[in-house]
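First up is the structure itself, then whatever we jot down about it.
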Protein chains: 2
Amino acid sequence: MTVAGTQTPRERYRAQLRAEIKQRAWEQIATAGAPGLSLNAIAKQMGMSGPALYRYFAGRDELITELIRDAYRSLADALRTAAASGADLAGLGHTLRAWALEDPQRYFLVYGTPVPGYEAPEDTLVIASEIMNVLLDAAQPPGTAASTPPDGHPDTRLEAHLAQHRQWAADHPAAPAALRRALRFWTRLHGILSLELAGHFTGMGLDPAELYDSELRHLSQ
Amino acid sequence: MTVAGTQTPRERYRAQLRAEIKQRAWEQIATAGAPGLSLNAIAKQMGMSGPALYRYFAGRDELITELIRDAYRSLADALRTAAASGADLAGLGHTLRAWALEDPQRYFLVYGTPVPGYEAPEDTLVIASEIMNVLLDAAQPPGTAASTPPDGHPDTRLEAHLAQHRQWAADHPAAPAALRRALRFWTRLHGILSLELAGHFTGMGLDPAELYDSELRHLSQ
DNA sequence: CGCTTACGTTAGAAGTTATAACTGGCCGCT
DNA sequence: AGCGGCCAGTTATAACTTCTAACGTAAGCG
């Protein structure tokens, strides 16, 4: 939040205004979703008229890109902090769900429906791999060491594939079994979480937390 | 597709034009996503000017709702047809993925990011439960009968919850274990599928089909 | 203290959804 | 067969949107 010392008043003001714009953008997104975000409305809220915002963001797309970047960062930070506090895989799972429920539309900004033309900027890929690294750290249990752990379902075919395609974990020494565990953690929890946030369980009378916890229990058996 | 006999020419024409509008809408959605759908553009494509479309759809929202309904129907039909052809749970899994890959944006229309304000019409709930019924049919293996099958992970806590909250399967005699299997099938495959369609695996060098098949193998061990 | 920079303004173009009012032609009924 | 009503599609308009361009003003920098 606080910034480095040497900074001209103009830069100060500029950073402050950019932050306020983003904050209002988040409020709009939380209530109306990403497609409901309107630069004009934000400008009016801030007491200035329309095109003024273009001094601070090149356009709607750049603002949204910035928000996506921040969302990614926020998730990576949340997970990294939890891991630093000694959270295991289950703990990370709870952190993930808490982060998602805190602002569902923020979750969807990262993991939701993509716009066909949109290309994610380079640095989100970096953050994504940061996230995977946190998961990989937790996926190889520090206590339960050794090569063939009392693990649920080895699936040699998948692990063979993962052993050959591990660019995404190039800078992490995790074994194929850990890769598999981290990946499963991600895809399975995302499956439940995204359906929950989209409201697909509400009409069914199910408690999403129950499903989520069950999956989590199973994941870190 | 073909319609009942007694139908005035006007109704014929009307139905035909509605169909053409929807078809063009699908094309737009496939290339630009749901937010990129423009009634005006469709009208221009069809050689008529703007507000003419309002004769056929009350507005953009109604058109999209109609498309969502059709997408739901299409998925339910695909799964029901596969099941009728003797597909087991794994077969339904492949049907689901094929249906999703056929038109990713159609999948997202059903299972993607929801617009906060939007309320799904009643009949999509009916279709959703149709889908769950197909899954439930396949989730209680016809060969593998009995009460305590050689099933992977019972999780009595989850099954207790499912036994008490089964409104969504009220008209299906499936046992809690089958409910659990159908639900897991849905949430886990959706997890992988939605991440694949959103392109989250492409930058990682992973083959989504490999992940999907592995999960499928594990699901119907 | 003056000059430059950049901030915010208004004007306007090109879109969008959606409503209102009007016209022309087709359909159906007598 | 012919007339009348309904309905499709039109243009005009309002209220939005993003975004560009040109312009003044004021604030900060040297």
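Residues are named by chain letter and number: chains run A, B, ... in the order of the structure tokens, numbers start at 1 in each chain, and ligands are numbered from 1 in the order shown.
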What are the residues of chain A lining chain D at 12 Å or less? Count only C-alpha atoms (C1' of nucleotides), and put the answer as a count of residues only.
23
Contacts of chain C with chain B up to 10 Å, shortest pair per row, only C-alpha atoms (C1' of nucleotides), as JSON lines:
```
{"residue": "C:DG15", "atom": "C1'", "partner": "B:Asn40", "partner_atom": "CA", "distance": 9.8}
{"residue": "C:DT16", "atom": "C1'", "partner": "B:Ser38", "partner_atom": "CA", "distance": 7.7}
{"residue": "C:DT17", "atom": "C1'", "partner": "B:Arg60", "partner_atom": "CA", "distance": 7.8}
{"residue": "C:DA18", "atom": "C1'", "partner": "B:Gly59", "partner_atom": "CA", "distance": 7.8}
{"residue": "C:DT19", "atom": "C1'", "partner": "B:Pro51", "partner_atom": "CA", "distance": 9.3}
{"residue": "C:DC26", "atom": "C1'", "partner": "B:Arg10", "partner_atom": "CA", "distance": 9.0}
{"residue": "C:DC27", "atom": "C1'", "partner": "B:Arg10", "partner_atom": "CA", "distance": 8.1}
{"residue": "C:DG28", "atom": "C1'", "partner": "B:Thr8", "partner_atom": "CA", "distance": 9.8}
```
Keeping only N, CA and C atoms (P, O5', C5', C4', C3', O3' and C1' of nucleotides), write the selected residues as a CSV table (one decimal), in the first residue's frame.
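The result, stored in again.csv:
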```csv
chain,number,residue,atom,x,y,z
C,15,DG,P,-19.8,2.2,-36.5
C,15,DG,O5',-20.3,1.1,-35.5
C,15,DG,C5',-21.5,1.5,-34.7
C,15,DG,C4',-21.3,1.0,-33.3
C,15,DG,C3',-22.5,0.4,-32.6
C,15,DG,O3',-22.4,-1.0,-32.8
C,15,DG,C1',-21.7,2.1,-31.2
C,16,DT,P,-23.8,-1.8,-33.0
C,16,DT,O5',-24.4,-1.7,-31.5
C,16,DT,C5',-23.7,-2.4,-30.4
C,16,DT,C4',-24.4,-2.0,-29.1
C,16,DT,C3',-25.9,-2.3,-29.1
C,16,DT,O3',-26.2,-3.7,-28.8
C,16,DT,C1',-25.4,-0.2,-28.1
C,17,DT,P,-27.6,-4.2,-29.0
C,17,DT,O5',-28.5,-3.5,-27.9
C,17,DT,C5',-28.2,-3.9,-26.5
C,17,DT,C4',-29.2,-3.1,-25.6
C,17,DT,C3',-30.7,-3.6,-25.8
C,17,DT,O3',-31.3,-3.7,-24.5
C,17,DT,C1',-30.5,-1.3,-26.2
C,18,DA,P,-32.6,-4.5,-24.3
C,18,DA,O5',-33.7,-3.4,-24.6
C,18,DA,C5',-33.8,-2.2,-23.8
C,18,DA,C4',-34.7,-1.2,-24.4
C,18,DA,C3',-36.0,-1.7,-25.0
C,18,DA,O3',-37.0,-1.2,-24.1
C,18,DA,C1',-35.0,0.0,-26.4
C,19,DT,P,-38.6,-1.6,-24.4
C,19,DT,O5',-39.1,-0.2,-24.9
C,19,DT,C5',-38.8,1.0,-24.3
C,19,DT,C4',-39.4,2.2,-24.9
C,19,DT,C3',-40.8,2.0,-25.4
C,19,DT,O3',-41.6,3.2,-25.0
C,19,DT,C1',-39.5,2.7,-27.2
C,26,DC,P,-47.4,-8.9,-50.0
C,26,DC,O5',-47.7,-10.2,-49.1
C,26,DC,C5',-47.1,-10.3,-47.8
C,26,DC,C4',-48.1,-10.7,-46.8
C,26,DC,C3',-49.0,-11.9,-47.2
C,26,DC,O3',-48.8,-12.9,-46.3
C,26,DC,C1',-50.3,-10.1,-46.2
C,27,DC,P,-49.3,-14.3,-46.5
C,27,DC,O5',-50.1,-14.6,-45.2
C,27,DC,C5',-50.7,-13.4,-44.6
C,27,DC,C4',-51.7,-13.9,-43.6
C,27,DC,C3',-52.5,-15.2,-43.9
C,27,DC,O3',-52.8,-15.8,-42.7
C,27,DC,C1',-53.9,-13.3,-44.1
C,28,DG,P,-53.6,-17.1,-42.7
C,28,DG,O5',-55.1,-16.6,-42.3
C,28,DG,C5',-55.3,-15.8,-41.2
C,28,DG,C4',-56.7,-15.3,-41.1
C,28,DG,C3',-57.8,-16.4,-41.3
C,28,DG,O3',-58.9,-16.1,-40.5
C,28,DG,C1',-58.1,-14.6,-42.9
```
For chain B, list the residues within 9 Å of chain A, counting only C-alpha atoms, and write the list as a PyMOL selection string.
chain B and resi 30-36+105+108-109+111-117+125+129+153+155+157-158+161-162+165-169+183-184+186-195+197-200+203-207+210-211+213-215+217-218
Enter the distance from atom CA of B:Asp70 to atom CA of B:Tyr56, in Å, rounded to one decimal.
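If I compute the distance from atom CA of B:Asp70 to atom CA of B:Tyr56, I get 16.3 Å.
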From the DSSP assignment of the backbone, select every residue of chain A that is alpha helix (DSSP H), and format the answer as an NGL selection string.
:A and (9-32 or 39-45 or 60-84 or 89-102 or 104-111 or 122-139 or 156-164 or 176-197 or 208-219)
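Near A:Gly91, within 10 Å and counting only C-alpha atoms (C1' of nucleotides), sit Leu79, Ala82, Ala83, Ser85, Gly86, Ala87, Thr95, Leu96, Ala138 and Leu216 of chain A; same-chain residues fewer than 4 positions away were not included.
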